[in-house]
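target_37.tsv follows; it contains TSV, C-alpha atoms.
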```tsv
chain	number	residue	atom	x	y	z
A	14	MET	CA	0.00	0.00	0.00
A	15	SER	CA	1.35	3.44	-0.90
A	16	ALA	CA	0.39	6.90	0.37
A	17	THR	CA	0.30	10.26	-1.39
A	18	ALA	CA	-0.12	13.49	0.58
A	19	LEU	CA	-2.98	15.78	-0.43
A	20	ALA	CA	-3.19	19.59	-0.35
A	21	VAL	CA	-4.94	19.30	3.03
A	22	GLU	CA	-2.33	18.95	5.79
A	23	GLY	CA	-2.31	15.40	7.20
A	24	ALA	CA	-4.63	13.94	4.53
A	25	TYR	CA	-3.56	11.13	2.22
A	26	VAL	CA	-4.69	9.01	-0.69
A	27	LEU	CA	-3.86	5.39	0.03
A	28	ALA	CA	-3.40	3.11	-2.96
A	29	SER	CA	-3.31	-0.66	-2.91
A	30	PRO	CA	-3.34	-3.31	-5.62
A	31	VAL	CA	-6.57	-4.44	-7.23
A	32	TRP	CA	-6.65	-8.07	-8.35
A	33	PRO	CA	-9.28	-8.54	-11.10
A	34	ASP	CA	-10.25	-11.86	-12.66
A	35	GLU	CA	-13.24	-13.39	-14.43
A	36	ARG	CA	-15.20	-13.41	-11.14
A	37	GLY	CA	-14.74	-9.71	-10.39
A	38	PHE	CA	-11.96	-8.21	-8.29
A	39	PHE	CA	-10.38	-8.17	-4.85
A	40	ARG	CA	-8.79	-5.20	-3.11
A	41	GLU	CA	-7.48	-4.46	0.36
A	42	TRP	CA	-8.53	-0.92	1.24
A	43	PHE	CA	-7.28	-0.71	4.83
A	44	ALA	CA	-4.02	-1.90	6.35
A	45	ARG	CA	-3.05	-0.51	9.74
A	46	SER	CA	0.63	-0.90	8.84
A	47	ALA	CA	0.32	1.66	6.00
A	48	LEU	CA	-1.08	4.27	8.41
A	49	ASP	CA	1.50	3.34	11.07
A	50	GLU	CA	4.24	4.16	8.55
A	51	LEU	CA	2.71	7.65	8.18
A	52	GLY	CA	2.52	8.11	11.95
A	53	VAL	CA	-1.29	8.04	11.78
A	54	GLU	CA	-3.25	6.30	14.52
A	55	LEU	CA	-6.63	5.02	13.39
A	56	THR	CA	-8.58	3.31	16.14
A	57	VAL	CA	-11.93	2.47	14.60
A	58	ALA	CA	-14.96	3.34	16.76
A	59	GLN	CA	-17.66	3.20	14.07
A	60	ALA	CA	-18.12	2.09	10.45
A	61	ASN	CA	-20.71	3.62	8.12
A	62	LEU	CA	-22.01	2.91	4.62
A	63	SER	CA	-23.75	5.56	2.51
A	64	MET	CA	-25.59	4.65	-0.72
A	65	SER	CA	-26.49	7.56	-2.99
A	66	LYS	CA	-27.79	8.34	-6.48
A	67	ARG	CA	-26.10	10.30	-9.29
A	68	ASP	CA	-25.59	14.02	-8.51
A	69	VAL	CA	-26.15	13.56	-4.79
A	70	VAL	CA	-23.89	15.92	-2.87
A	71	ARG	CA	-23.34	15.00	0.77
A	72	GLY	CA	-21.39	17.36	2.99
A	73	LEU	CA	-19.49	19.30	3.91
A	74	HIS	CA	-19.52	17.67	7.36
A	75	TYR	CA	-17.07	17.79	10.26
A	76	SER	CA	-16.96	17.02	13.96
A	77	VAL	CA	-15.97	19.27	16.85
A	78	ALA	CA	-16.04	16.38	19.34
A	79	PRO	CA	-13.24	16.82	21.92
A	80	GLU	CA	-11.71	13.46	20.96
A	81	GLY	CA	-11.74	14.44	17.26
A	82	GLN	CA	-12.98	12.30	14.40
A	83	ALA	CA	-10.58	11.12	11.73
A	84	LYS	CA	-11.96	9.12	8.79
A	85	LEU	CA	-10.81	6.55	6.28
A	86	VAL	CA	-13.16	6.37	3.29
A	87	THR	CA	-13.43	4.35	0.10
A	88	CYS	CA	-15.95	3.69	-2.62
A	89	ALA	CA	-17.49	0.21	-2.42
A	90	TYR	CA	-19.85	0.52	-5.41
A	91	GLY	CA	-19.93	2.84	-8.42
A	92	THR	CA	-17.94	6.06	-8.72
A	93	LEU	CA	-17.80	9.34	-6.85
A	94	VAL	CA	-15.62	12.33	-6.15
A	95	ASP	CA	-14.54	12.64	-2.53
A	96	VAL	CA	-14.01	16.19	-1.20
A	97	LEU	CA	-11.91	17.40	1.71
A	98	VAL	CA	-11.85	20.99	2.99
A	99	ASP	CA	-9.46	22.09	5.71
A	100	VAL	CA	-11.59	24.03	8.21
A	101	ARG	CA	-9.14	23.72	11.14
A	102	GLU	CA	-8.24	27.07	12.67
A	103	GLY	CA	-4.45	27.48	12.63
A	104	SER	CA	-3.83	24.83	9.97
A	105	PRO	CA	-1.14	25.67	7.41
A	106	SER	CA	-3.60	24.51	4.74
A	107	PHE	CA	-6.71	26.29	6.12
A	108	ARG	CA	-9.40	26.53	3.39
A	109	ALA	CA	-7.50	24.15	1.09
A	110	VAL	CA	-9.76	21.91	-0.98
A	111	ALA	CA	-8.74	18.46	-2.22
A	112	THR	CA	-10.78	16.22	-4.49
A	113	VAL	CA	-10.14	12.54	-5.15
A	114	GLU	CA	-11.93	10.35	-7.68
A	115	LEU	CA	-12.93	7.07	-6.05
A	116	ALA	CA	-14.29	3.94	-7.72
A	117	ALA	CA	-15.15	0.53	-6.33
A	118	ASP	CA	-12.76	-1.20	-8.72
A	119	ALA	CA	-9.92	1.31	-8.33
A	120	ASP	CA	-7.04	1.30	-5.88
A	121	ARG	CA	-7.85	4.31	-3.71
A	122	ALA	CA	-8.95	5.17	-0.20
A	123	VAL	CA	-8.70	8.57	1.51
A	124	TYR	CA	-7.54	9.33	5.04
A	125	LEU	CA	-8.89	12.57	6.58
A	126	PRO	CA	-7.45	13.82	9.87
A	127	ALA	CA	-9.75	15.06	12.61
A	128	GLY	CA	-11.27	18.46	11.95
A	129	VAL	CA	-11.27	18.26	8.16
A	130	ALA	CA	-14.67	18.76	6.50
A	131	HIS	CA	-15.78	15.93	4.23
A	132	GLY	CA	-18.23	15.55	1.39
A	133	PHE	CA	-18.72	13.70	-1.84
A	134	CYS	CA	-20.61	13.77	-5.13
A	135	VAL	CA	-21.84	10.65	-6.92
A	136	THR	CA	-20.80	10.41	-10.58
A	137	SER	CA	-22.35	7.00	-11.45
A	138	GLU	CA	-26.02	5.99	-11.34
A	139	MET	CA	-25.51	4.76	-7.74
A	140	ALA	CA	-22.50	4.69	-5.45
A	141	ALA	CA	-21.65	3.46	-1.97
A	142	LEU	CA	-19.10	5.13	0.28
A	143	CYS	CA	-17.66	3.23	3.25
A	144	TYR	CA	-16.31	5.14	6.25
A	145	LEU	CA	-14.18	4.06	9.19
A	146	LEU	CA	-14.44	6.66	12.01
A	147	THR	CA	-12.24	7.16	15.07
A	148	SER	CA	-15.15	8.36	17.20
A	149	PRO	CA	-18.87	7.58	17.10
A	150	TYR	CA	-21.51	9.90	15.71
A	151	ASN	CA	-22.37	12.56	18.30
A	152	ALA	CA	-25.22	14.75	16.95
A	153	PRO	CA	-24.48	17.95	18.93
A	154	MET	CA	-20.82	17.82	17.82
A	155	GLU	CA	-21.51	17.21	14.11
A	156	LEU	CA	-21.56	20.39	12.03
A	157	GLU	CA	-21.87	21.23	8.36
A	158	ILE	CA	-20.79	23.99	5.99
A	159	ASP	CA	-22.63	25.04	2.86
A	160	PRO	CA	-21.27	22.74	0.14
A	161	PHE	CA	-21.78	25.54	-2.40
A	162	ASP	CA	-20.08	28.30	-0.35
A	163	PRO	CA	-18.45	30.49	-3.03
A	164	ALA	CA	-15.53	31.26	-0.69
A	165	ILE	CA	-14.57	27.57	-0.80
A	166	ALA	CA	-15.62	26.97	-4.43
A	167	VAL	CA	-15.67	23.17	-4.40
A	168	PRO	CA	-15.60	21.95	-8.03
A	169	TRP	CA	-18.54	19.54	-7.69
A	170	PRO	CA	-18.67	17.30	-10.81
A	171	LEU	CA	-22.41	17.55	-11.39
A	172	SER	CA	-24.14	16.29	-14.54
A	173	GLY	CA	-27.47	17.87	-13.52
A	174	PRO	CA	-29.06	19.63	-10.55
A	175	ALA	CA	-27.48	18.74	-7.22
A	176	LYS	CA	-29.51	16.52	-4.90
A	177	VAL	CA	-28.80	17.89	-1.41
A	178	SER	CA	-30.41	17.32	1.98
A	179	ASP	CA	-32.36	20.19	3.55
A	180	LYS	CA	-29.79	20.29	6.37
A	181	ASP	CA	-26.84	20.66	3.97
A	182	ARG	CA	-28.72	23.18	1.80
A	183	ALA	CA	-29.34	25.36	4.89
A	184	ALA	CA	-25.79	24.99	6.25
A	185	PRO	CA	-23.90	28.18	7.13
A	186	SER	CA	-20.89	29.42	5.19
A	187	LEU	CA	-17.34	28.79	6.35
A	188	ALA	CA	-17.10	32.48	7.32
A	189	ALA	CA	-20.26	32.23	9.45
A	190	ARG	CA	-18.98	29.11	11.24
A	191	ARG	CA	-15.65	30.85	11.84
A	192	ALA	CA	-17.31	34.01	13.17
A	193	ALA	CA	-19.40	31.86	15.55
A	194	GLY	CA	-16.27	30.07	16.83
A	195	GLU	CA	-17.55	26.74	15.47
A	196	LEU	CA	-14.42	25.48	13.73
A	197	PRO	CA	-12.05	22.86	15.09
A	198	ARG	CA	-8.46	23.74	16.04
A	199	TYR	CA	-5.47	22.39	14.16
A	200	LEU	CA	-3.31	20.16	16.32
A	201	ALA	CA	0.18	19.73	14.83
```
Could the structure of this file be written out as structure tokens, please?
Amino acid sequence: MSATALAVEGAYVLASPVWPDERGFFREWFARSALDELGVELTVAQANLSMSKRDVVRGLHYSVAPEGQAKLVTCAYGTLVDVLVDVREGSPSFRAVATVELAADADRAVYLPAGVAHGFCVTSEMAALCYLLTSPYNAPMELEIDPFDPAIAVPWPLSGPAKVSDKDRAAPSLAARRAAGELPRYLA
């Protein structure tokens, strides 16, 4: 498994071999040893699966839980574009946006450190995103930022109108979250 740093400080694309044959394919998308080599601790507290239709935009979500919430994500079905936005106050890459194309039959997973906002857009008819989380969902600590905030300018790869939840559509801008003191702190 290899790792490539992204524009967001502490975030990586992890690549591992895909072994296809006449039956389908096999891929290993998580190996603790690969993260250990990067100095990343990933103790899994929860695993999630999200199934979505084409042009669904989910995010941008982040946690302000005191223990933090890092994520390891991969696409288990279809194709999508994964989006990371650094919303950590004091981060050297604050406001940086990184996008990674993920596909079930491709070699990629994405590691997001705690405090980084996450979202994705489905580019196939249906897609499934798998998440490993270092802390469980905690509703009062889970926040969102407007995925279409012009100050962030995420290049969502839409083929038609975005399908967005009411909660994400009503989410505040990054500037509003910052002014309200609702952003996580960067911990070097």
> Near range 33-45 of chain A, counting all atoms listed in the file, which residues have an atom at most 12 Å away, once you skip same-chain residues fewer than 3 positions from it, shown as an MDAnalysis selection string?
Replying inline: chainID A and resid 14:16 26:30 48:57 84:89 115:124 143:145
Proximity check range 86-198 of chain A to range 67-74 of chain A, 10 Å, nearest pairs one decimal Å, only C-alpha atoms, as a Markdown table:
```
| residue | atom | partner | partner_atom | distance |
| --- | --- | --- | --- | --- |
| A:Gly91 | CA | A:Arg67 | CA | 9.7 |
| A:Thr92 | CA | A:Arg67 | CA | 9.2 |
| A:Leu93 | CA | A:Arg67 | CA | 8.7 |
| A:Val94 | CA | A:Val70 | CA | 9.6 |
| A:Asp95 | CA | A:Arg71 | CA | 9.7 |
| A:Val96 | CA | A:Leu73 | CA | 8.1 |
| A:Leu97 | CA | A:Leu73 | CA | 8.1 |
| A:Val98 | CA | A:Leu73 | CA | 7.9 |
| A:Gly128 | CA | A:His74 | CA | 9.5 |
| A:Val129 | CA | A:His74 | CA | 8.3 |
| A:Ala130 | CA | A:His74 | CA | 5.0 |
| A:His131 | CA | A:Leu73 | CA | 5.0 |
| A:Gly132 | CA | A:Gly72 | CA | 4.0 |
| A:Phe133 | CA | A:Arg71 | CA | 5.5 |
| A:Cys134 | CA | A:Val70 | CA | 4.5 |
| A:Val135 | CA | A:Arg67 | CA | 4.9 |
| A:Thr136 | CA | A:Arg67 | CA | 5.5 |
| A:Ser137 | CA | A:Arg67 | CA | 5.4 |
| A:Glu138 | CA | A:Arg67 | CA | 4.8 |
| A:Met139 | CA | A:Arg67 | CA | 5.8 |
| A:Ala140 | CA | A:Arg67 | CA | 7.7 |
| A:Glu155 | CA | A:His74 | CA | 7.1 |
| A:Leu156 | CA | A:His74 | CA | 5.8 |
| A:Glu157 | CA | A:His74 | CA | 4.4 |
| A:Ile158 | CA | A:Leu73 | CA | 5.3 |
| A:Asp159 | CA | A:Leu73 | CA | 6.6 |
| A:Pro160 | CA | A:Leu73 | CA | 5.4 |
| A:Phe161 | CA | A:Leu73 | CA | 9.2 |
| A:Asp162 | CA | A:Leu73 | CA | 10.0 |
| A:Val167 | CA | A:Leu73 | CA | 9.9 |
| A:Trp169 | CA | A:Val70 | CA | 8.1 |
| A:Pro170 | CA | A:Asp68 | CA | 8.0 |
| A:Leu171 | CA | A:Asp68 | CA | 5.6 |
| A:Ser172 | CA | A:Asp68 | CA | 6.6 |
| A:Gly173 | CA | A:Asp68 | CA | 6.6 |
| A:Pro174 | CA | A:Asp68 | CA | 6.9 |
| A:Ala175 | CA | A:Asp68 | CA | 5.2 |
| A:Lys176 | CA | A:Val69 | CA | 4.5 |
| A:Val177 | CA | A:Val70 | CA | 5.5 |
| A:Ser178 | CA | A:Arg71 | CA | 7.5 |
| A:Lys180 | CA | A:Gly72 | CA | 9.5 |
| A:Asp181 | CA | A:Gly72 | CA | 6.4 |
| A:Arg182 | CA | A:Gly72 | CA | 9.4 |
| A:Ala184 | CA | A:Leu73 | CA | 8.8 |
```
>> Taking (-8.6, 24.7, 16.9) in the coordinates of the supplied file, I want to know which residues reach to within 8 Å of it, counting only C-alpha atoms; could you give the answer as a list in words?
In response: Arg101, Glu102, Gly103, Leu196, Pro197, Arg198, Tyr199 and Leu200 of chain A
> Between A:Val31, A:Ser148, A:Ala141, A:Ala201, which is the closest to Ser65 in chain A once you count only C-alpha atoms?
Replying inline: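 Among A:Val31, A:Ser148, A:Ala141, A:Ala201, it is A:Ala141 that comes nearest to Ser65 in chain A.
In this model, the gap between CA of Asp179 in chain A and CA of Ala24 in chain A comes to 28.4 Å.
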> Can you tell me how far CA of Met154 in chain A sits from CA of Ala20 in chain A, in Å to one decimal?
Replying inline: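 Taking CA of Met154 in chain A and CA of Ala20 in chain A, their separation equals 25.4 Å.
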> Interatomic distance between CA of Gln59 in chain A and CA of Ala47 in chain A?
Replying inline: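 Between these atoms lies a distance of 19.8 Å.
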>> My list of candidates is A:Ala193, A:Val21, A:Leu187, A:Leu146. Which is closest to Ser106 in chain A when distances are computed with all atoms listed in the file?
In response: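 For Ser106 in chain A, the nearest of the given residues is A:Val21.
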>> Given all atoms listed in the file as the basis, pick out the residue of A:Val100, A:Ala127, A:Val77, A:Ala188 nearest to Pro163 in chain A.
In response: A:Ala188
> In terms of the shortest atom-to-atom distance over only C-alpha atoms, which of A:Pro185, A:Gly194, A:Pro105, A:Gly81 is closest to Pro126 in chain A?
Replying inline: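 Among the listed residues, the smallest separation from Pro126 in chain A belongs to A:Gly81.
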Missing atoms in range 159-194 of chain A: fill them in up to N, CA and C atoms and send the result as a PDB file, keeping the file's coordinate frame.
```pdb
ATOM      1  N   ASP A 159     -21.981  24.984   4.163  1.00  0.00           N
ATOM      2  CA  ASP A 159     -22.630  25.040   2.860  1.00  0.00           C
ATOM      3  C   ASP A 159     -21.710  24.439   1.796  1.00  0.00           C
ATOM      4  N   PRO A 160     -22.133  23.351   1.147  1.00  0.00           N
ATOM      5  CA  PRO A 160     -21.270  22.740   0.140  1.00  0.00           C
ATOM      6  C   PRO A 160     -21.055  23.621  -1.090  1.00  0.00           C
ATOM      7  N   PHE A 161     -21.890  24.644  -1.248  1.00  0.00           N
ATOM      8  CA  PHE A 161     -21.780  25.540  -2.400  1.00  0.00           C
ATOM      9  C   PHE A 161     -21.284  26.934  -1.990  1.00  0.00           C
ATOM     10  N   ASP A 162     -20.650  27.032  -0.829  1.00  0.00           N
ATOM     11  CA  ASP A 162     -20.080  28.300  -0.350  1.00  0.00           C
ATOM     12  C   ASP A 162     -19.082  28.812  -1.395  1.00  0.00           C
ATOM     13  N   PRO A 163     -19.343  29.989  -1.987  1.00  0.00           N
ATOM     14  CA  PRO A 163     -18.450  30.490  -3.030  1.00  0.00           C
ATOM     15  C   PRO A 163     -17.033  30.789  -2.528  1.00  0.00           C
ATOM     16  N   ALA A 164     -16.871  31.007  -1.235  1.00  0.00           N
ATOM     17  CA  ALA A 164     -15.530  31.260  -0.690  1.00  0.00           C
ATOM     18  C   ALA A 164     -14.673  29.994  -0.702  1.00  0.00           C
ATOM     19  N   ILE A 165     -15.309  28.839  -0.735  1.00  0.00           N
ATOM     20  CA  ILE A 165     -14.570  27.570  -0.800  1.00  0.00           C
ATOM     21  C   ILE A 165     -14.474  27.110  -2.253  1.00  0.00           C
ATOM     22  N   ALA A 166     -15.559  27.281  -2.998  1.00  0.00           N
ATOM     23  CA  ALA A 166     -15.620  26.970  -4.430  1.00  0.00           C
ATOM     24  C   ALA A 166     -15.230  25.520  -4.744  1.00  0.00           C
ATOM     25  N   VAL A 167     -15.906  24.583  -4.102  1.00  0.00           N
ATOM     26  CA  VAL A 167     -15.670  23.170  -4.400  1.00  0.00           C
ATOM     27  C   VAL A 167     -16.095  22.905  -5.845  1.00  0.00           C
ATOM     28  N   PRO A 168     -15.246  22.253  -6.636  1.00  0.00           N
ATOM     29  CA  PRO A 168     -15.600  21.950  -8.030  1.00  0.00           C
ATOM     30  C   PRO A 168     -16.429  20.662  -8.131  1.00  0.00           C
ATOM     31  N   TRP A 169     -17.679  20.722  -7.673  1.00  0.00           N
ATOM     32  CA  TRP A 169     -18.540  19.540  -7.690  1.00  0.00           C
ATOM     33  C   TRP A 169     -18.755  19.076  -9.133  1.00  0.00           C
ATOM     34  N   PRO A 170     -18.550  17.803  -9.436  1.00  0.00           N
ATOM     35  CA  PRO A 170     -18.670  17.300 -10.810  1.00  0.00           C
ATOM     36  C   PRO A 170     -20.106  16.882 -11.152  1.00  0.00           C
ATOM     37  N   LEU A 171     -20.993  17.829 -11.179  1.00  0.00           N
ATOM     38  CA  LEU A 171     -22.410  17.550 -11.390  1.00  0.00           C
ATOM     39  C   LEU A 171     -22.746  17.399 -12.861  1.00  0.00           C
ATOM     40  N   SER A 172     -23.657  16.459 -13.168  1.00  0.00           N
ATOM     41  CA  SER A 172     -24.140  16.290 -14.540  1.00  0.00           C
ATOM     42  C   SER A 172     -25.546  16.867 -14.675  1.00  0.00           C
ATOM     43  N   GLY A 173     -26.123  17.299 -13.553  1.00  0.00           N
ATOM     44  CA  GLY A 173     -27.470  17.870 -13.520  1.00  0.00           C
ATOM     45  C   GLY A 173     -27.619  18.608 -12.209  1.00  0.00           C
ATOM     46  N   PRO A 174     -28.848  18.943 -11.819  1.00  0.00           N
ATOM     47  CA  PRO A 174     -29.060  19.630 -10.550  1.00  0.00           C
ATOM     48  C   PRO A 174     -28.582  18.782  -9.368  1.00  0.00           C
ATOM     49  N   ALA A 175     -27.955  19.437  -8.418  1.00  0.00           N
ATOM     50  CA  ALA A 175     -27.480  18.740  -7.220  1.00  0.00           C
ATOM     51  C   ALA A 175     -28.663  18.271  -6.381  1.00  0.00           C
ATOM     52  N   LYS A 176     -28.533  17.060  -5.848  1.00  0.00           N
ATOM     53  CA  LYS A 176     -29.510  16.520  -4.900  1.00  0.00           C
ATOM     54  C   LYS A 176     -28.865  16.647  -3.522  1.00  0.00           C
ATOM     55  N   VAL A 177     -29.418  17.536  -2.690  1.00  0.00           N
ATOM     56  CA  VAL A 177     -28.800  17.890  -1.410  1.00  0.00           C
ATOM     57  C   VAL A 177     -29.864  17.818  -0.318  1.00  0.00           C
ATOM     58  N   SER A 178     -29.469  17.361   0.861  1.00  0.00           N
ATOM     59  CA  SER A 178     -30.410  17.320   1.980  1.00  0.00           C
ATOM     60  C   SER A 178     -30.787  18.741   2.397  1.00  0.00           C
ATOM     61  N   ASP A 179     -31.937  18.875   3.039  1.00  0.00           N
ATOM     62  CA  ASP A 179     -32.360  20.190   3.550  1.00  0.00           C
ATOM     63  C   ASP A 179     -31.330  20.740   4.530  1.00  0.00           C
ATOM     64  N   LYS A 180     -30.783  19.868   5.374  1.00  0.00           N
ATOM     65  CA  LYS A 180     -29.790  20.290   6.370  1.00  0.00           C
ATOM     66  C   LYS A 180     -28.538  20.857   5.698  1.00  0.00           C
ATOM     67  N   ASP A 181     -28.043  20.166   4.662  1.00  0.00           N
ATOM     68  CA  ASP A 181     -26.840  20.660   3.970  1.00  0.00           C
ATOM     69  C   ASP A 181     -27.159  21.928   3.181  1.00  0.00           C
ATOM     70  N   ARG A 182     -28.341  21.987   2.575  1.00  0.00           N
ATOM     71  CA  ARG A 182     -28.720  23.180   1.800  1.00  0.00           C
ATOM     72  C   ARG A 182     -28.799  24.422   2.697  1.00  0.00           C
ATOM     73  N   ALA A 183     -29.198  24.245   3.958  1.00  0.00           N
ATOM     74  CA  ALA A 183     -29.340  25.360   4.890  1.00  0.00           C
ATOM     75  C   ALA A 183     -28.070  25.622   5.710  1.00  0.00           C
ATOM     76  N   ALA A 184     -27.012  24.872   5.443  1.00  0.00           N
ATOM     77  CA  ALA A 184     -25.790  24.990   6.250  1.00  0.00           C
ATOM     78  C   ALA A 184     -25.158  26.378   6.102  1.00  0.00           C
ATOM     79  N   PRO A 185     -24.564  26.885   7.183  1.00  0.00           N
ATOM     80  CA  PRO A 185     -23.900  28.180   7.130  1.00  0.00           C
ATOM     81  C   PRO A 185     -22.625  28.142   6.289  1.00  0.00           C
ATOM     82  N   SER A 186     -22.156  29.306   5.919  1.00  0.00           N
ATOM     83  CA  SER A 186     -20.890  29.420   5.190  1.00  0.00           C
ATOM     84  C   SER A 186     -19.724  29.151   6.128  1.00  0.00           C
ATOM     85  N   LEU A 187     -18.564  28.950   5.555  1.00  0.00           N
ATOM     86  CA  LEU A 187     -17.340  28.790   6.350  1.00  0.00           C
ATOM     87  C   LEU A 187     -17.105  30.053   7.187  1.00  0.00           C
ATOM     88  N   ALA A 188     -17.300  31.220   6.595  1.00  0.00           N
ATOM     89  CA  ALA A 188     -17.100  32.480   7.320  1.00  0.00           C
ATOM     90  C   ALA A 188     -18.042  32.586   8.516  1.00  0.00           C
ATOM     91  N   ALA A 189     -19.297  32.166   8.344  1.00  0.00           N
ATOM     92  CA  ALA A 189     -20.260  32.230   9.450  1.00  0.00           C
ATOM     93  C   ALA A 189     -19.868  31.266  10.566  1.00  0.00           C
ATOM     94  N   ARG A 190     -19.429  30.058  10.213  1.00  0.00           N
ATOM     95  CA  ARG A 190     -18.980  29.110  11.240  1.00  0.00           C
ATOM     96  C   ARG A 190     -17.746  29.657  11.964  1.00  0.00           C
ATOM     97  N   ARG A 191     -16.862  30.276  11.222  1.00  0.00           N
ATOM     98  CA  ARG A 191     -15.650  30.850  11.840  1.00  0.00           C
ATOM     99  C   ARG A 191     -16.011  31.977  12.779  1.00  0.00           C
ATOM    100  N   ALA A 192     -16.893  32.872  12.337  1.00  0.00           N
ATOM    101  CA  ALA A 192     -17.310  34.010  13.170  1.00  0.00           C
ATOM    102  C   ALA A 192     -17.999  33.542  14.447  1.00  0.00           C
ATOM    103  N   ALA A 193     -18.697  32.405  14.382  1.00  0.00           N
ATOM    104  CA  ALA A 193     -19.400  31.860  15.550  1.00  0.00           C
ATOM    105  C   ALA A 193     -18.483  31.017  16.438  1.00  0.00           C
ATOM    106  N   GLY A 194     -17.202  30.875  16.046  1.00  0.00           N
ATOM    107  CA  GLY A 194     -16.270  30.070  16.830  1.00  0.00           C
ATOM    108  C   GLY A 194     -16.583  28.578  16.757  1.00  0.00           C
TER     109      GLY A 194
END
```
